[in-house]
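**Student:** The following file, upload_9.cif, comprises mmCIF, C-alpha atoms:
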```cif
data_upload
loop_
_atom_site.label_atom_id
_atom_site.label_comp_id
_atom_site.auth_asym_id
_atom_site.auth_seq_id
_atom_site.Cartn_x
_atom_site.Cartn_y
_atom_site.Cartn_z
CA MET X 1 87.17 86.06 -14.81
CA GLN X 2 87.91 82.39 -14.20
CA ARG X 3 85.08 80.02 -14.93
CA GLU X 4 86.63 76.69 -13.91
CA PRO X 5 85.83 75.36 -10.44
CA ILE X 6 88.36 76.34 -7.82
CA GLU X 7 89.45 73.07 -6.27
CA THR X 8 91.86 74.07 -3.54
CA GLN X 9 92.71 77.14 -1.59
CA ASP X 10 94.39 78.89 -4.50
CA HIS X 11 95.01 82.47 -5.56
CA GLY X 12 91.90 82.56 -7.69
CA ALA X 13 89.54 82.65 -4.74
CA ALA X 14 91.72 84.98 -2.73
CA SER X 15 92.06 87.53 -5.50
CA ALA X 16 88.36 87.35 -6.25
CA GLY X 17 87.79 88.10 -2.58
CA GLU X 18 90.15 91.04 -2.63
CA LYS X 19 88.57 92.49 -5.72
CA TYR X 20 85.29 92.34 -3.89
CA ARG X 21 86.59 94.05 -0.84
CA GLN X 22 87.82 96.93 -2.98
CA SER X 23 84.48 97.36 -4.75
CA HIS X 24 82.97 97.71 -1.28
CA THR X 25 79.30 97.03 -1.92
CA PRO X 26 78.70 93.55 -0.54
CA GLY X 27 76.68 91.32 -2.83
CA GLU X 28 75.28 92.49 -6.14
CA THR X 29 73.81 95.98 -6.23
CA GLY X 30 70.34 94.60 -6.94
CA ILE X 31 69.97 93.00 -3.52
CA TRP X 32 70.23 96.47 -2.00
CA VAL X 33 67.04 97.50 -3.81
CA PHE X 34 65.36 94.79 -1.77
CA ILE X 35 67.14 95.49 1.50
CA MET X 36 66.64 99.26 1.35
CA GLY X 37 63.04 98.84 0.24
CA ASP X 38 62.31 96.42 3.04
CA MET X 39 63.99 98.61 5.65
CA MET X 40 61.98 101.59 4.40
CA VAL X 41 58.77 99.66 4.93
CA PHE X 42 59.79 98.66 8.43
CA ALA X 43 60.79 102.26 9.14
CA LEU X 44 57.24 103.21 8.15
CA PHE X 45 55.92 100.50 10.49
CA PHE X 46 57.94 101.97 13.32
CA LEU X 47 56.75 105.50 12.62
CA VAL X 48 53.14 104.31 12.61
CA PHE X 49 53.76 102.54 15.91
CA VAL X 50 55.34 105.57 17.58
CA PHE X 51 52.54 107.80 16.28
CA TYR X 52 49.73 105.66 17.68
CA ARG X 53 51.68 105.01 20.87
CA ALA X 54 51.88 108.72 21.54
CA GLU X 55 48.08 108.93 21.30
CA ASN X 56 47.55 106.27 23.95
CA THR X 57 50.74 105.97 25.95
CA ALA X 58 49.11 104.52 29.06
CA LEU X 59 47.60 101.56 27.22
CA PHE X 60 50.82 100.85 25.36
CA GLN X 61 52.89 100.98 28.53
CA ALA X 62 50.49 98.75 30.44
CA SER X 63 50.49 96.18 27.65
CA GLN X 64 54.24 96.38 27.25
CA ALA X 65 54.60 95.49 30.93
CA THR X 66 52.89 92.15 30.21
CA LEU X 67 55.62 91.12 27.74
CA ASN X 68 58.41 88.83 28.91
CA THR X 69 61.63 90.81 28.39
CA HIS X 70 63.75 87.70 28.96
CA TYR X 71 62.51 86.11 25.76
CA GLY X 72 63.18 89.28 23.81
CA THR X 73 66.65 89.74 25.27
CA PHE X 74 67.64 86.14 24.66
CA ASN X 75 66.38 86.33 21.09
CA THR X 76 68.39 89.51 20.54
CA LEU X 77 71.52 87.69 21.71
CA LEU X 78 70.73 84.75 19.45
CA LEU X 79 70.40 86.95 16.38
CA LEU X 80 73.52 88.97 17.18
CA THR X 81 75.47 85.75 17.59
CA SER X 82 74.08 84.40 14.35
CA SER X 83 75.21 87.54 12.54
CA TRP X 84 78.69 87.04 13.93
CA PHE X 85 78.69 83.46 12.64
CA VAL X 86 77.58 84.71 9.23
CA VAL X 87 80.43 87.26 9.10
CA MET X 88 82.97 84.56 10.00
CA ALA X 89 81.44 82.14 7.53
CA THR X 90 81.53 84.65 4.68
CA ASN X 91 85.19 85.36 5.43
CA GLY X 92 85.72 81.61 5.27
CA VAL X 93 84.11 81.47 1.85
CA ARG X 94 86.43 84.19 0.60
CA LYS X 95 89.40 82.14 1.79
CA ASN X 96 87.83 79.01 0.31
CA LEU X 97 87.63 77.28 3.71
CA ARG X 98 84.53 75.40 2.61
CA ARG X 99 83.84 73.11 5.56
CA GLN X 100 84.49 75.83 8.10
CA ALA X 101 82.20 78.23 6.26
CA ALA X 102 79.43 75.66 5.97
CA THR X 103 79.68 74.82 9.69
CA LEU X 104 79.47 78.48 10.64
CA TYR X 105 76.42 79.03 8.42
CA GLY X 106 74.98 75.92 10.06
CA LEU X 107 75.51 77.47 13.52
CA ALA X 108 73.81 80.66 12.34
CA PHE X 109 70.91 78.50 11.15
CA LEU X 110 70.67 76.91 14.59
CA CYS X 111 70.50 80.37 16.16
CA GLY X 112 67.63 81.14 13.78
CA ALA X 113 65.92 77.91 14.78
CA GLY X 114 66.37 78.80 18.45
CA PHE X 115 64.90 82.23 17.80
CA SER X 116 61.90 80.64 16.10
CA LEU X 117 61.34 78.17 18.91
CA ILE X 118 61.36 80.92 21.53
CA LYS X 119 59.05 83.02 19.40
CA VAL X 120 56.54 80.17 19.21
CA VAL X 121 56.75 79.54 22.96
CA GLU X 122 56.28 83.27 23.57
CA TYR X 123 53.25 83.50 21.27
CA ARG X 124 51.74 80.44 22.94
CA GLU X 125 52.17 81.92 26.38
CA LYS X 126 50.61 85.21 25.34
CA ILE X 127 47.64 83.59 23.66
CA GLN X 128 47.03 81.31 26.65
CA ALA X 129 47.15 84.36 28.91
CA GLY X 130 44.37 85.85 26.79
CA PHE X 131 46.36 88.38 24.74
CA GLY X 132 45.40 88.09 21.08
CA LEU X 133 45.83 90.02 17.86
CA THR X 134 42.63 91.98 18.50
CA THR X 135 43.06 92.51 22.26
CA ASN X 136 44.22 96.10 21.80
CA ASP X 137 46.37 98.30 19.55
CA PHE X 138 49.61 97.40 21.27
CA TYR X 139 49.05 93.70 20.79
CA MET X 140 47.98 94.25 17.19
CA TYR X 141 51.37 95.83 16.45
CA TYR X 142 53.18 93.29 18.61
CA TYR X 143 51.78 90.32 16.71
CA ILE X 144 51.94 91.84 13.24
CA PHE X 145 55.42 93.36 13.46
CA THR X 146 57.02 90.38 15.17
CA GLY X 147 55.02 88.06 12.90
CA LEU X 148 56.25 89.75 9.73
CA HIS X 149 59.75 89.75 11.15
CA PHE X 150 59.28 86.05 11.87
CA VAL X 151 58.45 85.50 8.19
CA HIS X 152 61.76 87.22 7.40
CA VAL X 153 63.57 84.88 9.80
CA ILE X 154 62.02 81.80 8.17
CA ILE X 155 63.03 83.05 4.71
CA GLY X 156 66.47 83.84 6.15
CA MET X 157 66.85 80.30 7.42
CA ALA X 158 66.07 79.01 3.93
CA VAL X 159 68.71 81.43 2.61
CA LEU X 160 71.21 80.07 5.15
CA VAL X 161 70.55 76.52 3.95
CA ALA X 162 71.30 77.73 0.42
CA LEU X 163 74.50 79.36 1.71
CA ILE X 164 75.60 76.11 3.38
CA HIS X 165 75.08 74.34 0.08
CA LYS X 166 76.83 77.05 -1.93
CA SER X 167 79.80 77.33 0.41
CA LEU X 168 80.37 73.55 0.35
CA SER X 169 80.58 73.52 -3.44
CA GLY X 170 82.99 76.46 -3.39
CA LEU X 171 83.16 79.49 -5.68
CA ARG X 172 82.59 78.18 -9.19
CA GLU X 173 81.29 81.15 -11.12
CA PRO X 174 82.09 84.86 -11.03
CA GLY X 175 78.69 85.69 -9.51
CA ASP X 176 78.92 83.14 -6.69
CA LEU X 177 80.63 85.32 -4.12
CA ALA X 178 78.16 88.13 -4.78
CA LEU X 179 75.30 85.68 -4.26
CA ILE X 180 76.74 84.52 -0.94
CA GLU X 181 77.35 88.08 0.21
CA GLY X 182 73.84 89.01 -0.83
CA GLY X 183 72.41 86.19 1.27
CA ALA X 184 74.60 87.21 4.20
CA SER X 185 73.49 90.85 3.85
CA TYR X 186 69.87 89.71 3.97
CA TRP X 187 70.51 87.86 7.22
CA HIS X 188 72.14 90.95 8.72
CA MET X 189 69.10 92.97 7.73
CA VAL X 190 66.86 90.51 9.60
CA ASP X 191 69.11 91.03 12.61
CA VAL X 192 69.06 94.84 12.31
CA LEU X 193 65.26 94.92 12.04
CA TRP X 194 64.98 92.91 15.25
CA ILE X 195 67.43 95.21 16.99
CA ILE X 196 65.06 98.10 16.31
CA LEU X 197 61.90 96.06 16.93
CA PHE X 198 63.04 94.74 20.30
CA PRO X 199 63.49 98.05 22.15
CA LEU X 200 60.46 99.53 20.42
CA LEU X 201 58.11 96.80 21.65
CA TYR X 202 59.76 95.55 24.84
CA LEU X 203 61.76 98.41 26.32
CA MET X 204 60.59 101.87 25.18
CA LYS X 205 59.67 103.99 28.17
CA MET S 1 55.44 91.21 -36.67
CA ASN S 2 55.87 89.47 -33.33
CA LYS S 3 57.60 92.50 -31.82
CA LYS S 4 54.75 94.69 -32.98
CA ALA S 5 52.23 92.31 -31.39
CA GLN S 6 54.19 92.42 -28.14
CA MET S 7 54.24 96.21 -28.18
CA ILE S 8 50.48 96.29 -28.71
CA CYS S 9 50.00 93.89 -25.79
CA LEU S 10 52.24 96.05 -23.65
CA MET S 11 50.08 99.08 -24.41
CA GLY S 12 47.27 97.12 -22.75
CA ALA S 13 48.91 98.01 -19.46
CA VAL S 14 48.70 101.72 -20.23
CA ALA S 15 45.04 101.37 -21.19
CA MET S 16 44.39 99.42 -18.00
CA GLY S 17 46.07 102.08 -15.88
CA ILE S 18 43.94 104.84 -17.36
CA LEU S 19 40.65 102.91 -17.29
CA MET S 20 41.15 101.79 -13.70
CA THR S 21 42.10 105.25 -12.49
CA VAL S 22 39.10 106.89 -14.14
CA GLY S 23 36.63 104.12 -13.27
CA TRP S 24 37.67 103.20 -9.75
CA TRP S 25 38.88 106.52 -8.52
CA LEU S 26 37.14 109.34 -10.34
CA LEU S 27 33.73 107.84 -11.21
CA ALA S 28 33.01 105.23 -8.54
CA ARG S 29 35.00 107.24 -5.97
CA PHE S 30 36.28 104.08 -4.28
CA VAL S 31 39.67 105.66 -3.56
CA PRO S 32 40.04 106.38 -0.68
CA PRO S 33 38.02 103.26 0.21
CA PRO S 34 34.76 103.48 2.14
CA LEU S 35 35.36 102.95 5.85
CA PRO S 36 35.33 99.25 6.79
CA GLY S 37 33.66 100.20 10.07
CA ALA S 38 30.92 102.34 8.46
CA SER S 39 27.30 101.54 9.29
CA ALA S 40 25.13 99.69 6.76
CA ALA S 41 23.10 102.86 6.30
CA ASP S 42 26.20 104.90 5.40
CA ILE S 43 27.44 102.34 2.90
CA ALA S 44 23.98 102.04 1.33
CA LEU S 45 23.77 105.83 1.09
CA MET S 46 27.08 105.90 -0.74
CA PHE S 47 25.70 103.52 -3.37
CA ARG S 48 22.39 105.40 -3.62
CA GLU S 49 23.95 108.83 -4.02
CA ASN S 50 26.45 107.76 -6.63
CA ALA S 51 24.63 104.87 -8.30
CA ASN S 52 25.30 106.04 -11.85
CA GLY S 53 28.89 107.00 -11.13
CA ILE S 54 29.53 103.51 -9.74
CA ARG S 55 27.73 101.84 -12.66
CA THR S 56 29.76 103.75 -15.26
CA GLY S 57 32.99 103.34 -13.31
CA MET S 58 32.47 99.58 -13.24
CA VAL S 59 31.84 99.44 -16.99
CA LEU S 60 35.23 101.11 -17.53
CA MET S 61 36.92 98.85 -15.00
CA ILE S 62 35.69 95.74 -16.81
CA ALA S 63 37.42 97.06 -19.92
CA GLY S 64 40.52 97.84 -17.84
CA ALA S 65 40.69 94.37 -16.33
CA GLY S 66 40.56 92.90 -19.84
CA CYS S 67 43.48 95.07 -20.93
CA PHE S 68 45.53 93.56 -18.11
CA MET S 69 45.52 90.17 -19.87
CA PRO S 70 47.78 90.96 -22.85
CA PHE S 71 50.19 92.72 -20.46
CA ILE S 72 50.44 89.55 -18.35
CA ALA S 73 51.07 87.62 -21.56
CA VAL S 74 53.97 89.91 -22.54
CA ILE S 75 55.59 89.38 -19.14
CA SER S 76 55.39 85.62 -19.64
CA ALA S 77 56.62 85.85 -23.25
CA GLN S 78 59.76 87.66 -22.06
CA MET S 79 60.14 85.30 -19.09
CA LYS S 80 60.08 82.37 -21.51
CA ARG S 81 63.16 83.84 -23.21
CA MET S 82 64.96 83.82 -19.83
CA GLU S 83 64.17 80.22 -18.96
CA ASN S 84 66.06 77.19 -20.19
CA GLY S 85 63.82 74.23 -20.88
CA PRO S 86 60.16 74.07 -19.83
CA PRO S 87 59.04 77.67 -19.08
CA VAL S 88 57.39 76.75 -15.81
CA LEU S 89 57.96 80.16 -14.21
CA ALA S 90 56.36 81.86 -17.21
CA TYR S 91 53.35 79.57 -16.82
CA THR S 92 53.14 80.30 -13.10
CA GLN S 93 53.20 84.03 -13.76
CA LEU S 94 50.51 83.60 -16.39
CA LEU S 95 48.28 81.76 -13.92
CA GLY S 96 48.92 84.30 -11.16
CA GLY S 97 48.09 87.10 -13.59
CA SER S 98 44.92 85.37 -14.77
CA MET S 99 43.77 85.01 -11.17
CA SER S 100 44.55 88.68 -10.58
CA VAL S 101 42.24 89.55 -13.46
CA MET S 102 39.53 87.38 -11.91
CA ILE S 103 39.85 88.98 -8.50
CA ILE S 104 39.38 92.35 -10.16
CA LEU S 105 36.45 91.30 -12.35
CA VAL S 106 34.39 89.59 -9.65
CA PRO S 107 34.33 92.51 -7.19
CA ILE S 108 33.45 94.85 -10.08
CA LEU S 109 30.32 92.77 -10.61
CA LEU S 110 29.54 92.75 -6.89
CA TRP S 111 29.74 96.55 -6.79
CA THR S 112 27.64 96.62 -9.96
CA THR S 113 25.04 94.41 -8.29
CA ALA S 114 24.93 96.71 -5.27
CA ALA S 115 24.48 99.77 -7.48
CA TYR S 116 21.94 98.02 -9.73
CA ARG S 117 19.14 98.12 -7.14
CA PRO S 118 20.34 100.69 -4.60
CA GLU S 119 16.87 100.70 -3.05
CA ARG S 120 17.39 97.23 -1.59
CA GLY S 121 18.14 96.71 2.12
CA ASP S 122 21.15 98.49 3.66
CA GLU S 123 22.56 95.32 5.13
CA ILE S 124 22.60 93.54 1.76
CA ILE S 125 24.39 96.43 0.10
CA ARG S 126 26.99 96.45 2.83
CA THR S 127 27.51 92.70 2.51
CA LEU S 128 28.09 93.03 -1.23
CA ASN S 129 30.50 95.89 -0.59
CA ASP S 130 32.40 93.90 2.10
CA LEU S 131 32.70 90.94 -0.22
CA ALA S 132 33.96 93.11 -3.07
CA TRP S 133 36.64 94.73 -0.91
CA PHE S 134 37.88 91.46 0.49
CA LEU S 135 38.16 89.98 -2.98
CA VAL S 136 40.04 92.88 -4.46
CA ALA S 137 42.24 93.81 -1.51
CA MET S 138 42.77 90.74 0.63
CA THR S 139 43.50 88.08 -2.00
CA TYR S 140 47.24 88.46 -1.78
CA SER S 141 48.56 85.10 -2.92
CA PRO S 142 48.16 85.32 -6.73
CA ALA S 143 50.08 88.61 -6.79
CA ILE S 144 52.81 87.23 -4.53
CA ILE S 145 53.24 84.13 -6.68
CA GLN S 146 53.40 86.37 -9.74
CA ASN S 147 56.12 88.54 -8.22
CA LEU S 148 58.17 85.59 -7.01
CA SER S 149 58.06 83.85 -10.38
CA ILE S 150 59.05 87.03 -12.24
CA GLY S 151 61.95 87.58 -9.84
CA MET S 152 63.17 84.00 -10.10
CA ALA S 153 63.05 84.05 -13.89
CA ILE S 154 65.10 87.26 -14.03
CA LEU S 155 67.74 85.86 -11.66
CA GLY S 156 67.92 82.64 -13.64
CA ASP S 157 68.46 84.43 -16.95
CA ARG S 158 71.65 83.06 -18.55
CA ASN S 159 71.48 85.02 -21.81
CA PRO S 160 74.74 86.80 -22.66
CA LYS S 161 72.76 90.04 -22.73
CA ARG S 162 70.29 90.16 -19.83
CA ILE S 163 66.69 90.66 -20.85
CA ILE S 164 65.73 92.56 -17.68
CA PRO S 165 68.25 93.92 -15.12
CA ARG S 166 68.69 91.87 -11.98
CA TRP S 167 67.64 94.61 -9.58
CA VAL S 168 64.14 94.36 -11.03
CA ALA S 169 64.08 90.79 -9.67
CA TYR S 170 64.79 92.05 -6.18
CA MET S 171 62.14 94.73 -6.57
CA ASN S 172 59.67 91.96 -7.33
CA PHE S 173 60.70 90.04 -4.20
CA TRP S 174 60.25 93.19 -2.17
CA LEU S 175 56.76 93.68 -3.57
CA ALA S 176 55.87 90.10 -2.70
CA LEU S 177 56.60 90.83 0.96
CA LEU S 178 54.61 94.04 0.84
CA PHE S 179 51.45 92.23 -0.18
CA LEU S 180 51.55 90.06 2.95
CA PRO S 181 49.90 92.53 5.38
CA ALA S 182 46.81 92.53 3.12
CA GLY S 183 45.92 89.18 4.63
CA LEU S 184 45.38 90.87 7.99
CA MET S 185 42.39 93.02 7.00
CA THR S 186 40.01 90.26 8.06
CA TYR S 187 40.70 91.17 11.72
CA PHE S 188 40.31 94.93 11.67
CA LYS S 189 37.70 97.59 10.95
CA THR S 190 39.99 100.54 11.73
CA GLY S 191 43.70 101.28 11.86
CA PRO S 192 46.60 100.73 9.48
CA PHE S 193 45.74 97.09 8.71
CA ALA S 194 42.07 97.57 7.83
CA TRP S 195 41.24 97.57 4.10
CA ASN S 196 41.48 101.37 3.99
CA GLY S 197 44.61 101.44 6.17
CA LEU S 198 48.04 102.89 5.47
CA LEU S 199 49.85 99.55 5.58
CA ALA S 200 47.23 97.26 4.07
CA PHE S 201 45.94 99.56 1.33
CA TRP S 202 47.92 102.71 0.59
CA LEU S 203 51.42 101.29 0.80
CA PRO S 204 50.71 98.29 -1.47
CA LEU S 205 48.79 100.56 -3.87
CA VAL S 206 51.62 103.07 -4.20
CA VAL S 207 54.27 100.40 -4.54
CA PHE S 208 52.14 98.51 -7.06
CA ALA S 209 51.92 101.70 -9.13
CA ILE S 210 55.72 102.04 -9.07
CA TRP S 211 56.15 98.35 -9.97
CA PHE S 212 53.62 98.68 -12.79
CA ASN S 213 55.45 101.60 -14.40
CA ILE S 214 58.90 100.09 -14.01
CA MET S 215 57.69 96.79 -15.50
CA ILE S 216 56.15 98.60 -18.48
CA TYR S 217 59.41 100.43 -19.14
CA MET S 218 61.59 97.34 -18.68
CA LEU S 219 59.39 95.23 -20.96
CA TYR S 220 59.39 97.99 -23.56
CA LYS S 221 63.18 97.93 -23.57
CA ALA S 222 63.30 94.12 -23.60
CA ILE S 223 61.01 93.91 -26.63
CA LYS S 224 62.92 96.62 -28.47
CA GLU S 225 66.25 94.92 -27.91
CA GLN S 226 64.93 91.45 -28.72
CA PRO S 227 66.66 90.10 -31.85
CA ASP S 228 64.31 89.50 -34.79
CA ALA S 229 63.54 85.82 -35.03
#
```
How would this structure read if it were set down as structure tokens?
**Tutor:**
Amino acid sequence: MQREPIETQDHGAASAGEKYRQSHTPGETGIWVFIMGDMMVFALFFLVFVFYRAENTALFQASQATLNTHYGTFNTLLLLTSSWFVVMATNGVRKNLRRQAATLYGLAFLCGAGFSLIKVVEYREKIQAGFGLTTNDFYMYYYIFTGLHFVHVIIGMAVLVALIHKSLSGLREPGDLALIEGGASYWHMVDVLWIILFPLLYLMK
Amino acid sequence: MNKKAQMICLMGAVAMGILMTVGWWLLARFVPPPLPGASAADIALMFRENANGIRTGMVLMIAGAGCFMPFIAVISAQMKRMENGPPVLAYTQLLGGSMSVMIILVPILLWTTAAYRPERGDEIIRTLNDLAWFLVAMTYSPAIIQNLSIGMAILGDRNPKRIIPRWVAYMNFWLALLFLPAGLMTYFKTGPFAWNGLLAFWLPLVVFAIWFNIMIYMLYKAIKEQPDA
């Protein structure tokens, strides 16, 4: 593989991109140990939630009714949009459109920041209304699951900053594209986890 | 000679695994953990009925915790090979590991104290037991820092032949996240996030066991393939 920096939009980057598309696993294989492991843990979280919910459906439904679905819906849209930006950005990296890619990662970062802001506002509202971590089982899961997901979002935003930096400097080493795809895959996982978390906590009848 | 020393240190992990299992699980019968919500009388009774089992179990666990130290050192020795320049990640791992040994040793002595005079007041025994469980199960940050530094060192490895495969780095990052819920046990006396809960105790324990075995195997291979200096 080429080791010299790719200065312009040349064949080097394009063919590296194509090779990657053929191999079909985005990122390096190792990142999938993390992603699959993390998704397994969240799957276990969700099973635990559904199990305890079934034992006390009335309480869970009553508490669920106190959540603000607008916040949840808006945050879902924000994360979906951010994922779309990340897909576009990663395509840009493959075509060596550095500025475009960096801008798109930046937009995804802003979506993440918006998500975080809404999350904080939502937590504040709930705490002021007297719903805390130890109020009841529903709120325990609500705070812990969304809180752990929030930690993922914060880490993801740090990853996006790294991706902005990486995409600006272009693909320099053989492993660079895999690194970028790995970071992008992580962000998609954060999105997917929320897409399961949102209906489970806010919508489930 | 050095490779032999490393192998001996690595065997410390095996000794630790055995001593901890026998001491903590079979003799002291602390797995599954006593209920966080149990009454003082129940906890005190547990220490009175099994005073000698707990005493002996703790003696073995002290030995086990000691055997953890050379294992931590081997991890750092191999990490040092991965790092260019000052081995700051290896040092961080070493510190995290040392703290892990401390947070195993101190609760052992608290349990020992409780079992030493089991005739003392119920409430005191329960307090000692609470303290021991929080120390051993809630103190998540040293382990997380350890996992993160191991993972970062593996990813930063620029040797032509990798010392440890990259997926092991991601496994370490995964483990770091798994230790986070342990911090929540301060709020709960029942449920999955209490110190005997599925998500705060069992899941981290099982995953730690997997990590422990994979790390032993990977280090064994790394030492074997290390060129003689």
**Student:** How many Å lie between atom CA of Val14 of chain S and atom CA of Leu198 of chain S, rounded to one decimal?
**Tutor:**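 If I compute the distance from atom CA of Val14 of chain S to atom CA of Leu198 of chain S, I get 25.7 Å.
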**Student:** Counting only C-alpha atoms, collect the residues of chain S whose closest atom lies at most 6 Å from chain X, and write them out as a list in words.
**Tutor:**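 That gives the following set of residues: Arg166, Trp167, Tyr170, Met171 and Trp174 of chain S.
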**Student:** Just the selected residues (C-alpha atoms), exported as a short mmCIF file (atom, residue, chain, number, x, y, z; two decimals), in the coordinates of the input, please.
**Tutor:**
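Generated output (part-v1.cif):
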```
data_model
loop_
_atom_site.label_atom_id
_atom_site.label_comp_id
_atom_site.auth_asym_id
_atom_site.auth_seq_id
_atom_site.Cartn_x
_atom_site.Cartn_y
_atom_site.Cartn_z
CA ARG S 166 68.69 91.87 -11.98
CA TRP S 167 67.64 94.61 -9.58
CA TYR S 170 64.79 92.05 -6.18
CA MET S 171 62.14 94.73 -6.57
CA TRP S 174 60.25 93.19 -2.17
#
```
**Student:** Have a look at atom CA of Tyr71 of chain X and atom CA of Pro192 of chain S and let me know their distance in Å, one decimal.
**Tutor:**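 These two atoms are separated by 27.1 Å.
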**Student:** Determine, counting all atoms listed in the file, which protein, DNA and RNA residues have an atom within 10 Å of an atom of segment 15-28 of chain S; residues of the same chain fewer than 5 positions away are not included. Present the result as an MDAnalysis selection string.
**Tutor:** chainID S and resid 10 33 46:47 50:69 71 108 111 209 212:213
**Student:** Could you state which residues are captured by the PyMOL selection byres ((chain S and resi 147) around 12) in this file, as a VMD selection string?
**Tutor:** chain S and resid 72 75 to 76 89 to 90 92 to 97 100 140 to 146 148 to 154 168 to 179 208 211 to 212 215
**Student:** Could you save the residues just selected, with C-alpha atoms, as a compact mmCIF listing (two decimals), in the frame of the given file?
**Tutor:**
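Output file result_27.txt follows:
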```
# COMPACT_ATOMS: atom_id res chain seq x y z
CA ILE S 72 50.44 89.55 -18.35
CA ILE S 75 55.59 89.38 -19.14
CA SER S 76 55.39 85.62 -19.64
CA LEU S 89 57.96 80.16 -14.21
CA ALA S 90 56.36 81.86 -17.21
CA THR S 92 53.14 80.30 -13.10
CA GLN S 93 53.20 84.03 -13.76
CA LEU S 94 50.51 83.60 -16.39
CA LEU S 95 48.28 81.76 -13.92
CA GLY S 96 48.92 84.30 -11.16
CA GLY S 97 48.09 87.10 -13.59
CA SER S 100 44.55 88.68 -10.58
CA TYR S 140 47.24 88.46 -1.78
CA SER S 141 48.56 85.10 -2.92
CA PRO S 142 48.16 85.32 -6.73
CA ALA S 143 50.08 88.61 -6.79
CA ILE S 144 52.81 87.23 -4.53
CA ILE S 145 53.24 84.13 -6.68
CA GLN S 146 53.40 86.37 -9.74
CA LEU S 148 58.17 85.59 -7.01
CA SER S 149 58.06 83.85 -10.38
CA ILE S 150 59.05 87.03 -12.24
CA GLY S 151 61.95 87.58 -9.84
CA MET S 152 63.17 84.00 -10.10
CA ALA S 153 63.05 84.05 -13.89
CA ILE S 154 65.10 87.26 -14.03
CA VAL S 168 64.14 94.36 -11.03
CA ALA S 169 64.08 90.79 -9.67
CA TYR S 170 64.79 92.05 -6.18
CA MET S 171 62.14 94.73 -6.57
CA ASN S 172 59.67 91.96 -7.33
CA PHE S 173 60.70 90.04 -4.20
CA TRP S 174 60.25 93.19 -2.17
CA LEU S 175 56.76 93.68 -3.57
CA ALA S 176 55.87 90.10 -2.70
CA LEU S 177 56.60 90.83 0.96
CA LEU S 178 54.61 94.04 0.84
CA PHE S 179 51.45 92.23 -0.18
CA PHE S 208 52.14 98.51 -7.06
CA TRP S 211 56.15 98.35 -9.97
CA PHE S 212 53.62 98.68 -12.79
CA MET S 215 57.69 96.79 -15.50
```
**Student:** Fix up segment 176-188 of chain S with N, CA and C atoms, then write it as a compact mmCIF listing (two decimals), in the coordinates of the input.
**Tutor:**
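result-v3.txt, freshly written:
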```txt
# COMPACT_ATOMS: atom_id res chain seq x y z
N ALA S 176 56.53 91.30 -3.19
CA ALA S 176 55.87 90.10 -2.70
C ALA S 176 55.68 90.20 -1.18
N LEU S 177 56.71 90.69 -0.49
CA LEU S 177 56.60 90.83 0.96
C LEU S 177 55.57 91.89 1.35
N LEU S 178 55.51 92.94 0.53
CA LEU S 178 54.61 94.04 0.84
C LEU S 178 53.15 93.65 0.77
N PHE S 179 52.85 92.64 -0.04
CA PHE S 179 51.45 92.23 -0.18
C PHE S 179 50.98 91.40 1.02
N LEU S 180 51.93 90.92 1.82
CA LEU S 180 51.55 90.06 2.95
C LEU S 180 50.57 90.70 3.94
N PRO S 181 50.80 91.96 4.38
CA PRO S 181 49.90 92.53 5.38
C PRO S 181 48.44 92.58 4.93
N ALA S 182 48.19 92.50 3.61
CA ALA S 182 46.81 92.53 3.12
C ALA S 182 45.98 91.42 3.75
N GLY S 183 46.64 90.30 4.04
CA GLY S 183 45.92 89.18 4.63
C GLY S 183 45.35 89.47 6.01
N LEU S 184 45.79 90.57 6.62
CA LEU S 184 45.38 90.87 7.99
C LEU S 184 44.06 91.63 8.08
N MET S 185 43.55 92.12 6.93
CA MET S 185 42.39 93.02 7.00
C MET S 185 41.14 92.31 7.52
N THR S 186 41.16 91.00 7.55
CA THR S 186 40.01 90.26 8.06
C THR S 186 39.79 90.51 9.55
N TYR S 187 40.83 90.98 10.27
CA TYR S 187 40.70 91.17 11.72
C TYR S 187 40.28 92.57 12.13
N PHE S 188 40.41 93.54 11.22
CA PHE S 188 40.31 94.93 11.67
C PHE S 188 39.29 95.76 10.89
```
